[in-house]
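Data from entry.txt: compact mmCIF, N, CA and C atoms
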# COMPACT_ATOMS: atom_id res chain seq x y z
N MET J 25 69.84 -25.05 -33.18
CA MET J 25 71.29 -25.14 -33.22
C MET J 25 71.82 -25.43 -31.82
N GLN J 26 72.96 -26.06 -31.80
CA GLN J 26 73.66 -26.35 -30.55
C GLN J 26 75.01 -25.63 -30.60
N PHE J 27 75.46 -25.16 -29.44
CA PHE J 27 76.70 -24.41 -29.36
C PHE J 27 77.62 -25.07 -28.34
N ALA J 28 78.89 -25.19 -28.72
CA ALA J 28 79.89 -25.84 -27.87
C ALA J 28 81.00 -24.85 -27.60
N ILE J 29 81.25 -24.57 -26.30
CA ILE J 29 82.34 -23.69 -25.94
C ILE J 29 83.27 -24.33 -24.91
N LEU J 30 82.97 -25.56 -24.51
CA LEU J 30 83.85 -26.30 -23.59
C LEU J 30 84.89 -27.04 -24.42
N GLY J 31 85.80 -26.29 -24.97
CA GLY J 31 86.78 -26.78 -25.93
C GLY J 31 86.76 -25.79 -27.09
N PRO J 32 87.16 -26.20 -28.26
CA PRO J 32 87.08 -25.29 -29.40
C PRO J 32 85.63 -24.83 -29.61
N VAL J 33 85.45 -23.56 -29.92
CA VAL J 33 84.11 -23.00 -30.10
C VAL J 33 83.53 -23.54 -31.40
N GLU J 34 82.33 -24.11 -31.28
CA GLU J 34 81.66 -24.70 -32.44
C GLU J 34 80.16 -24.43 -32.38
N ALA J 35 79.55 -24.44 -33.54
CA ALA J 35 78.09 -24.41 -33.67
C ALA J 35 77.71 -25.60 -34.53
N HIS J 36 76.59 -26.24 -34.20
CA HIS J 36 76.14 -27.42 -34.94
C HIS J 36 74.68 -27.28 -35.31
N ARG J 37 74.37 -27.71 -36.52
CA ARG J 37 72.98 -27.79 -36.94
C ARG J 37 72.29 -28.86 -36.11
N PRO J 38 70.96 -28.89 -36.15
CA PRO J 38 70.24 -29.92 -35.39
C PRO J 38 70.65 -31.35 -35.72
N ASP J 39 71.12 -31.59 -36.96
CA ASP J 39 71.55 -32.94 -37.34
C ASP J 39 72.99 -33.23 -36.92
N GLY J 40 73.64 -32.26 -36.24
CA GLY J 40 75.01 -32.45 -35.77
C GLY J 40 76.07 -31.94 -36.71
N THR J 41 75.69 -31.51 -37.91
CA THR J 41 76.64 -30.99 -38.88
C THR J 41 77.25 -29.69 -38.36
N PRO J 42 78.58 -29.57 -38.36
CA PRO J 42 79.20 -28.33 -37.88
C PRO J 42 78.96 -27.17 -38.84
N VAL J 43 78.90 -25.99 -38.29
CA VAL J 43 78.75 -24.75 -39.05
C VAL J 43 80.11 -24.10 -39.16
N ALA J 44 80.48 -23.65 -40.36
CA ALA J 44 81.76 -22.97 -40.57
C ALA J 44 81.66 -21.57 -39.96
N LEU J 45 82.37 -21.35 -38.87
CA LEU J 45 82.26 -20.08 -38.14
C LEU J 45 83.28 -19.04 -38.56
N GLY J 46 84.40 -19.45 -39.08
CA GLY J 46 85.43 -18.48 -39.42
C GLY J 46 86.52 -18.45 -38.37
N GLY J 47 87.21 -17.32 -38.30
CA GLY J 47 88.39 -17.19 -37.47
C GLY J 47 88.15 -16.92 -36.00
N PRO J 48 89.23 -16.64 -35.28
CA PRO J 48 89.17 -16.51 -33.83
C PRO J 48 88.29 -15.36 -33.34
N GLN J 49 88.21 -14.27 -34.07
CA GLN J 49 87.37 -13.15 -33.61
C GLN J 49 85.90 -13.56 -33.60
N LEU J 50 85.44 -14.22 -34.66
CA LEU J 50 84.03 -14.64 -34.70
C LEU J 50 83.76 -15.73 -33.68
N ARG J 51 84.69 -16.63 -33.51
CA ARG J 51 84.53 -17.68 -32.49
C ARG J 51 84.51 -17.07 -31.09
N GLY J 52 85.37 -16.10 -30.86
CA GLY J 52 85.38 -15.42 -29.57
C GLY J 52 84.08 -14.68 -29.31
N LEU J 53 83.57 -14.00 -30.32
CA LEU J 53 82.31 -13.29 -30.18
C LEU J 53 81.18 -14.27 -29.87
N LEU J 54 81.13 -15.39 -30.58
CA LEU J 54 80.10 -16.39 -30.32
C LEU J 54 80.23 -16.94 -28.90
N ALA J 55 81.45 -17.19 -28.45
CA ALA J 55 81.65 -17.71 -27.09
C ALA J 55 81.14 -16.72 -26.05
N LEU J 56 81.44 -15.45 -26.24
CA LEU J 56 80.98 -14.43 -25.28
C LEU J 56 79.46 -14.36 -25.24
N LEU J 57 78.82 -14.44 -26.39
CA LEU J 57 77.36 -14.41 -26.44
C LEU J 57 76.77 -15.69 -25.85
N ALA J 58 77.41 -16.83 -26.13
CA ALA J 58 76.89 -18.12 -25.64
C ALA J 58 77.01 -18.24 -24.13
N LEU J 59 78.02 -17.62 -23.54
CA LEU J 59 78.15 -17.66 -22.08
C LEU J 59 76.92 -17.07 -21.40
N ASP J 60 76.29 -16.12 -22.06
CA ASP J 60 75.08 -15.49 -21.53
C ASP J 60 73.89 -15.76 -22.45
N ALA J 61 73.80 -16.95 -22.96
CA ALA J 61 72.73 -17.31 -23.91
C ALA J 61 71.37 -16.87 -23.38
N GLY J 62 70.63 -16.19 -24.26
CA GLY J 62 69.30 -15.73 -23.90
C GLY J 62 69.29 -14.39 -23.19
N ARG J 63 70.44 -13.87 -22.82
CA ARG J 63 70.52 -12.58 -22.12
C ARG J 63 71.32 -11.59 -22.95
N VAL J 64 71.03 -10.32 -22.76
CA VAL J 64 71.73 -9.25 -23.48
C VAL J 64 73.12 -9.06 -22.89
N VAL J 65 74.10 -8.95 -23.78
CA VAL J 65 75.48 -8.67 -23.40
C VAL J 65 75.82 -7.30 -23.98
N SER J 66 76.30 -6.40 -23.14
CA SER J 66 76.58 -5.04 -23.61
C SER J 66 77.70 -5.03 -24.64
N ALA J 67 77.65 -4.05 -25.51
CA ALA J 67 78.71 -3.90 -26.51
C ALA J 67 80.05 -3.70 -25.82
N GLY J 68 80.06 -2.95 -24.73
CA GLY J 68 81.30 -2.72 -23.99
C GLY J 68 81.90 -4.00 -23.46
N ARG J 69 81.06 -4.86 -22.94
CA ARG J 69 81.56 -6.14 -22.42
C ARG J 69 82.10 -7.01 -23.55
N LEU J 70 81.43 -7.00 -24.70
CA LEU J 70 81.90 -7.78 -25.85
C LEU J 70 83.25 -7.24 -26.34
N ILE J 71 83.36 -5.92 -26.42
CA ILE J 71 84.62 -5.31 -26.86
C ILE J 71 85.74 -5.65 -25.88
N ASP J 72 85.46 -5.55 -24.58
CA ASP J 72 86.47 -5.91 -23.58
C ASP J 72 86.87 -7.37 -23.71
N GLY J 73 85.89 -8.25 -23.93
CA GLY J 73 86.18 -9.66 -24.06
C GLY J 73 86.99 -10.00 -25.29
N LEU J 74 86.79 -9.24 -26.35
CA LEU J 74 87.51 -9.51 -27.59
C LEU J 74 88.88 -8.84 -27.65
N HIS J 75 89.02 -7.69 -26.98
CA HIS J 75 90.25 -6.90 -27.14
C HIS J 75 90.99 -6.62 -25.85
N GLY J 76 90.41 -6.93 -24.70
CA GLY J 76 91.09 -6.64 -23.45
C GLY J 76 91.02 -5.17 -23.08
N GLU J 77 91.99 -4.73 -22.30
CA GLU J 77 92.00 -3.38 -21.76
C GLU J 77 92.30 -2.30 -22.80
N HIS J 78 92.86 -2.68 -23.92
CA HIS J 78 93.28 -1.69 -24.92
C HIS J 78 92.63 -1.99 -26.27
N PRO J 79 91.31 -1.73 -26.39
CA PRO J 79 90.66 -1.99 -27.68
C PRO J 79 91.18 -1.05 -28.76
N PRO J 80 91.17 -1.50 -29.98
CA PRO J 80 91.64 -0.64 -31.07
C PRO J 80 90.65 0.51 -31.31
N GLU J 81 91.14 1.53 -31.95
CA GLU J 81 90.25 2.63 -32.32
C GLU J 81 89.19 2.08 -33.28
N GLY J 82 87.98 2.51 -33.10
CA GLY J 82 86.89 2.02 -33.94
C GLY J 82 86.37 0.65 -33.53
N ALA J 83 86.62 0.26 -32.29
CA ALA J 83 86.21 -1.07 -31.83
C ALA J 83 84.70 -1.27 -31.90
N ALA J 84 83.92 -0.23 -31.64
CA ALA J 84 82.46 -0.36 -31.69
C ALA J 84 81.99 -0.66 -33.11
N GLU J 85 82.57 0.01 -34.07
CA GLU J 85 82.21 -0.24 -35.47
C GLU J 85 82.68 -1.63 -35.90
N ALA J 86 83.86 -2.01 -35.43
CA ALA J 86 84.37 -3.35 -35.74
C ALA J 86 83.46 -4.42 -35.14
N LEU J 87 82.94 -4.18 -33.94
CA LEU J 87 82.02 -5.14 -33.33
C LEU J 87 80.77 -5.29 -34.18
N GLN J 88 80.21 -4.20 -34.66
CA GLN J 88 79.03 -4.28 -35.52
C GLN J 88 79.32 -5.12 -36.75
N SER J 89 80.48 -4.94 -37.32
CA SER J 89 80.88 -5.71 -38.50
C SER J 89 81.03 -7.19 -38.16
N GLN J 90 81.64 -7.49 -37.01
CA GLN J 90 81.82 -8.88 -36.60
C GLN J 90 80.48 -9.54 -36.33
N VAL J 91 79.55 -8.81 -35.72
CA VAL J 91 78.22 -9.36 -35.47
C VAL J 91 77.55 -9.68 -36.81
N SER J 92 77.67 -8.80 -37.78
CA SER J 92 77.09 -9.05 -39.11
C SER J 92 77.68 -10.31 -39.74
N ARG J 93 79.01 -10.46 -39.63
CA ARG J 93 79.66 -11.65 -40.19
C ARG J 93 79.21 -12.92 -39.45
N LEU J 94 79.10 -12.82 -38.12
CA LEU J 94 78.64 -13.98 -37.36
C LEU J 94 77.22 -14.35 -37.74
N ARG J 95 76.35 -13.37 -37.86
CA ARG J 95 74.97 -13.64 -38.28
C ARG J 95 74.95 -14.35 -39.64
N ARG J 96 75.76 -13.86 -40.57
CA ARG J 96 75.81 -14.45 -41.91
C ARG J 96 76.31 -15.89 -41.86
N ARG J 97 77.37 -16.14 -41.08
CA ARG J 97 77.90 -17.51 -40.95
C ARG J 97 76.86 -18.45 -40.36
N LEU J 98 76.17 -17.99 -39.31
CA LEU J 98 75.15 -18.83 -38.69
C LEU J 98 73.98 -19.06 -39.64
N ARG J 99 73.55 -18.02 -40.32
CA ARG J 99 72.45 -18.15 -41.28
C ARG J 99 72.85 -19.10 -42.42
N ASP J 100 74.08 -18.96 -42.92
CA ASP J 100 74.57 -19.87 -43.97
C ASP J 100 74.61 -21.31 -43.46
N GLY J 101 74.78 -21.47 -42.15
CA GLY J 101 74.81 -22.80 -41.55
C GLY J 101 73.44 -23.34 -41.20
N GLY J 102 72.39 -22.59 -41.55
CA GLY J 102 71.04 -23.08 -41.32
C GLY J 102 70.31 -22.48 -40.15
N ALA J 103 70.92 -21.51 -39.48
CA ALA J 103 70.25 -20.87 -38.33
C ALA J 103 69.16 -19.95 -38.84
N PRO J 104 68.12 -19.78 -38.05
CA PRO J 104 67.07 -18.84 -38.44
C PRO J 104 67.57 -17.40 -38.32
N ASP J 105 66.93 -16.51 -39.07
CA ASP J 105 67.23 -15.08 -38.92
C ASP J 105 66.90 -14.67 -37.49
N GLY J 106 67.61 -13.71 -36.99
CA GLY J 106 67.33 -13.19 -35.66
C GLY J 106 67.98 -13.97 -34.53
N LEU J 107 68.88 -14.89 -34.84
CA LEU J 107 69.53 -15.67 -33.80
C LEU J 107 70.43 -14.78 -32.93
N VAL J 108 71.08 -13.80 -33.56
CA VAL J 108 71.87 -12.82 -32.82
C VAL J 108 71.10 -11.50 -32.94
N GLU J 109 70.52 -11.10 -31.82
CA GLU J 109 69.66 -9.91 -31.81
C GLU J 109 70.42 -8.69 -31.33
N PHE J 110 70.03 -7.53 -31.87
CA PHE J 110 70.54 -6.26 -31.37
C PHE J 110 69.45 -5.60 -30.55
N THR J 111 69.84 -5.05 -29.41
CA THR J 111 68.94 -4.23 -28.60
C THR J 111 69.72 -2.96 -28.25
N PRO J 112 69.04 -1.92 -27.80
CA PRO J 112 69.80 -0.73 -27.39
C PRO J 112 70.82 -1.01 -26.29
N ALA J 113 70.60 -2.07 -25.52
CA ALA J 113 71.53 -2.41 -24.43
C ALA J 113 72.68 -3.29 -24.88
N GLY J 114 72.63 -3.87 -26.07
CA GLY J 114 73.71 -4.75 -26.54
C GLY J 114 73.20 -5.82 -27.48
N TYR J 115 73.82 -6.99 -27.42
CA TYR J 115 73.49 -8.09 -28.32
C TYR J 115 73.09 -9.31 -27.50
N ARG J 116 72.27 -10.15 -28.12
CA ARG J 116 71.77 -11.33 -27.42
C ARG J 116 71.77 -12.52 -28.37
N LEU J 117 72.31 -13.65 -27.91
CA LEU J 117 72.17 -14.91 -28.63
C LEU J 117 70.82 -15.47 -28.21
N ALA J 118 69.86 -15.44 -29.12
CA ALA J 118 68.47 -15.78 -28.81
C ALA J 118 68.25 -17.29 -28.86
N VAL J 119 68.83 -17.97 -27.89
CA VAL J 119 68.65 -19.42 -27.75
C VAL J 119 68.42 -19.74 -26.28
N ASP J 120 67.82 -20.88 -26.06
CA ASP J 120 67.69 -21.39 -24.70
C ASP J 120 69.08 -21.76 -24.21
N PRO J 121 69.43 -21.41 -22.98
CA PRO J 121 70.76 -21.79 -22.48
C PRO J 121 71.06 -23.28 -22.61
N ALA J 122 70.04 -24.12 -22.65
CA ALA J 122 70.27 -25.56 -22.80
C ALA J 122 70.89 -25.90 -24.16
N ALA J 123 70.89 -24.96 -25.09
CA ALA J 123 71.51 -25.19 -26.40
C ALA J 123 73.02 -24.97 -26.35
N VAL J 124 73.55 -24.59 -25.18
CA VAL J 124 74.98 -24.30 -25.02
C VAL J 124 75.57 -25.29 -24.02
N ASP J 125 76.64 -25.96 -24.41
CA ASP J 125 77.21 -27.02 -23.57
C ASP J 125 77.57 -26.58 -22.16
N VAL J 126 78.10 -25.39 -21.99
CA VAL J 126 78.50 -24.96 -20.65
C VAL J 126 77.30 -24.86 -19.70
N HIS J 127 76.17 -24.46 -20.22
CA HIS J 127 74.96 -24.37 -19.39
C HIS J 127 74.42 -25.77 -19.06
N ARG J 128 74.51 -26.68 -20.03
CA ARG J 128 74.12 -28.07 -19.75
C ARG J 128 75.05 -28.67 -18.70
N PHE J 129 76.35 -28.38 -18.81
CA PHE J 129 77.32 -28.87 -17.83
C PHE J 129 76.95 -28.38 -16.43
N GLU J 130 76.67 -27.11 -16.30
CA GLU J 130 76.32 -26.56 -14.99
C GLU J 130 75.05 -27.20 -14.43
N ARG J 131 74.06 -27.40 -15.28
CA ARG J 131 72.80 -28.01 -14.84
C ARG J 131 73.04 -29.45 -14.38
N LEU J 132 73.79 -30.22 -15.17
CA LEU J 132 74.05 -31.62 -14.82
C LEU J 132 74.85 -31.75 -13.53
N THR J 133 75.87 -30.92 -13.36
CA THR J 133 76.66 -31.03 -12.13
C THR J 133 75.86 -30.58 -10.91
N ALA J 134 74.99 -29.59 -11.08
CA ALA J 134 74.13 -29.17 -9.96
C ALA J 134 73.18 -30.30 -9.59
N GLN J 135 72.61 -30.96 -10.59
CA GLN J 135 71.72 -32.09 -10.31
C GLN J 135 72.47 -33.21 -9.59
N ALA J 136 73.69 -33.46 -10.03
CA ALA J 136 74.48 -34.53 -9.41
C ALA J 136 74.76 -34.22 -7.95
N ARG J 137 75.08 -32.96 -7.65
CA ARG J 137 75.36 -32.59 -6.26
C ARG J 137 74.11 -32.65 -5.38
N GLU J 138 72.93 -32.50 -5.99
CA GLU J 138 71.69 -32.49 -5.21
C GLU J 138 71.14 -33.88 -4.92
N THR J 139 71.58 -34.88 -5.66
CA THR J 139 71.05 -36.23 -5.46
C THR J 139 71.89 -36.99 -4.42
N ALA J 140 71.21 -37.86 -3.73
CA ALA J 140 71.91 -38.68 -2.72
C ALA J 140 72.33 -40.03 -3.27
N ASP J 141 71.80 -40.40 -4.43
CA ASP J 141 72.07 -41.71 -5.01
C ASP J 141 73.41 -41.69 -5.75
N PRO J 142 74.41 -42.42 -5.27
CA PRO J 142 75.73 -42.42 -5.90
C PRO J 142 75.70 -42.86 -7.37
N ALA J 143 74.84 -43.80 -7.72
CA ALA J 143 74.77 -44.26 -9.10
C ALA J 143 74.25 -43.15 -10.02
N VAL J 144 73.27 -42.42 -9.55
CA VAL J 144 72.73 -41.29 -10.33
C VAL J 144 73.77 -40.18 -10.40
N GLN J 145 74.47 -39.93 -9.29
CA GLN J 145 75.54 -38.93 -9.31
C GLN J 145 76.58 -39.27 -10.36
N LEU J 146 77.02 -40.51 -10.36
CA LEU J 146 78.02 -40.95 -11.33
C LEU J 146 77.53 -40.76 -12.76
N GLU J 147 76.29 -41.12 -13.03
CA GLU J 147 75.72 -40.97 -14.37
C GLU J 147 75.69 -39.50 -14.78
N LEU J 148 75.25 -38.62 -13.88
CA LEU J 148 75.15 -37.20 -14.20
C LEU J 148 76.53 -36.56 -14.39
N PHE J 149 77.47 -36.88 -13.49
CA PHE J 149 78.82 -36.34 -13.64
C PHE J 149 79.49 -36.85 -14.92
N THR J 150 79.26 -38.11 -15.25
CA THR J 150 79.84 -38.68 -16.48
C THR J 150 79.27 -37.97 -17.71
N GLU J 151 77.98 -37.74 -17.71
CA GLU J 151 77.36 -37.02 -18.83
C GLU J 151 77.91 -35.60 -18.93
N ALA J 152 78.07 -34.94 -17.79
CA ALA J 152 78.60 -33.57 -17.78
C ALA J 152 80.04 -33.54 -18.30
N LEU J 153 80.88 -34.45 -17.83
CA LEU J 153 82.28 -34.48 -18.27
C LEU J 153 82.42 -34.79 -19.76
N ALA J 154 81.47 -35.53 -20.31
CA ALA J 154 81.51 -35.87 -21.74
C ALA J 154 81.32 -34.63 -22.63
N LEU J 155 80.80 -33.55 -22.05
CA LEU J 155 80.61 -32.32 -22.83
C LEU J 155 81.92 -31.60 -23.11
N TRP J 156 82.95 -31.87 -22.30
CA TRP J 156 84.25 -31.25 -22.50
C TRP J 156 84.95 -31.89 -23.68
N ARG J 157 85.52 -31.06 -24.55
CA ARG J 157 86.23 -31.56 -25.74
C ARG J 157 87.62 -30.96 -25.77
N GLY J 158 88.56 -31.71 -26.24
CA GLY J 158 89.92 -31.20 -26.38
C GLY J 158 90.67 -31.25 -25.07
N ALA J 159 91.81 -30.58 -25.10
CA ALA J 159 92.69 -30.57 -23.91
C ALA J 159 92.09 -29.75 -22.78

The structure in this file should be written as structure tokens.
Amino acid sequence: MQFAILGPVEAHRPDGTPVALGGPQLRGLLALLALDAGRVVSAGRLIDGLHGEHPPEGAAEALQSQVSRLRRRLRDGGAPDGLVEFTPAGYRLAVDPAAVDVHRFERLTAQARETADPAVQLELFTEALALWRGA
């Protein structure tokens, strides 16, 4: 699967078909996990990211429910089981960061800055900018 967060949050099957993710809470949860693709994100950080400084009562239970819904949406979209993992330290989107557009953007722009060839720089920056979608 590929994940896009540089613009509206989206998930795509390997053939490019979009996955129906649902509403803003599930998209926000996926974005927070995708920002740290492959690494564990604490439940507290996810709750803060979804609700800000004043989370609702029962936010931890609500997070568990949202993770279950996100897993179901991704699985229904063709993702393998275990894509969103639980650990005692939090949750992890179990994908290579290269599956997330923001990480590809960072890699491409770093490569562009490291090369001395202006033509290669232009190609890399153009490819990186093409990952941005929407306003």

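Residues within 8 Å of segment 45-55 of chain J, counting all atoms listed in the file and excluding same-chain residues fewer than 5 positions away, are Ala28, Ile29, Pro32, Val33, Glu34, Ala35, Asp60, Ala61, Leu70, Gly73, Leu74, Gln90, Val91, Arg93, Leu94, Arg97 and Leu98 of chain J.
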
Which residues, written as a PDB file with N, CA and C atoms, in the frame of the given file, have at least one atom at most 7 Å from Gln145 of chain J, with all atoms listed in the file counted and residues fewer than 5 positions away on the same chain left out?
ATOM      1  N   GLN J 135      72.610 -30.960 -10.590  1.00  0.00           N
ATOM      2  CA  GLN J 135      71.720 -32.090 -10.310  1.00  0.00           C
ATOM      3  C   GLN J 135      72.470 -33.210  -9.590  1.00  0.00           C
ATOM      4  N   ALA J 136      73.690 -33.460 -10.030  1.00  0.00           N
ATOM      5  CA  ALA J 136      74.480 -34.530  -9.410  1.00  0.00           C
ATOM      6  C   ALA J 136      74.760 -34.220  -7.950  1.00  0.00           C
ATOM      7  N   ARG J 137      75.080 -32.960  -7.650  1.00  0.00           N
ATOM      8  CA  ARG J 137      75.360 -32.590  -6.260  1.00  0.00           C
ATOM      9  C   ARG J 137      74.110 -32.650  -5.380  1.00  0.00           C
ATOM     10  N   THR J 139      71.580 -34.880  -5.660  1.00  0.00           N
ATOM     11  CA  THR J 139      71.050 -36.230  -5.460  1.00  0.00           C
ATOM     12  C   THR J 139      71.890 -36.990  -4.420  1.00  0.00           C
ATOM     13  N   ALA J 140      71.210 -37.860  -3.730  1.00  0.00           N
ATOM     14  CA  ALA J 140      71.910 -38.680  -2.720  1.00  0.00           C
ATOM     15  C   ALA J 140      72.330 -40.030  -3.270  1.00  0.00           C
ATOM     16  N   THR J 150      79.260 -38.110 -15.250  1.00  0.00           N
ATOM     17  CA  THR J 150      79.840 -38.680 -16.480  1.00  0.00           C
ATOM     18  C   THR J 150      79.270 -37.970 -17.710  1.00  0.00           C
TER      19      THR J 150
END

To test the calculation: enclose all listed atoms of segment 79-87 of chain J in a box whose edges run along x, y and z, add 3 Å on each side, then state centre and edge lengths in Å to one decimal, as lines of an AutoDock Vina configuration file.
center_x = 86.2
center_y = -1.3
center_z = -31.1
size_x = 16.9
size_y = 13.9
size_z = 15.5

Exercise. What residues in chain J get the DSSP label helix (DSSP H, G or I)? Please answer as a PyMOL selection string.
Worked result: chain J and resi 48-59+67-75+83-100+121-123+125-138+142-153

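As for atom CA of Asp39 of chain J and atom CA of Leu153 of chain J, they are spaced 21.9 Å apart.
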
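Distance annotation: of J:Leu30, J:Gly106, J:Thr133, J:Val126, the residue with the minimal separation from Gly158 of chain J is J:Leu30; atom set is all atoms listed in the file.
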
For this session: Tell me, in Å to one decimal, how far atom N of Glu130 of chain J is from atom CA of Phe110 of chain J.
Result: 26.4 Å

For this session: Pick out each residue of chain J that DSSP on the backbone tags as strand (DSSP E or B); I need them as a ChimeraX atom specification.
Result: /J:26-28,34-36,42,64-65,108-111,114-117,124

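Across the model, the gap from atom CA of Val108 of chain J to atom CA of Ala58 of chain J is 10.2 Å.
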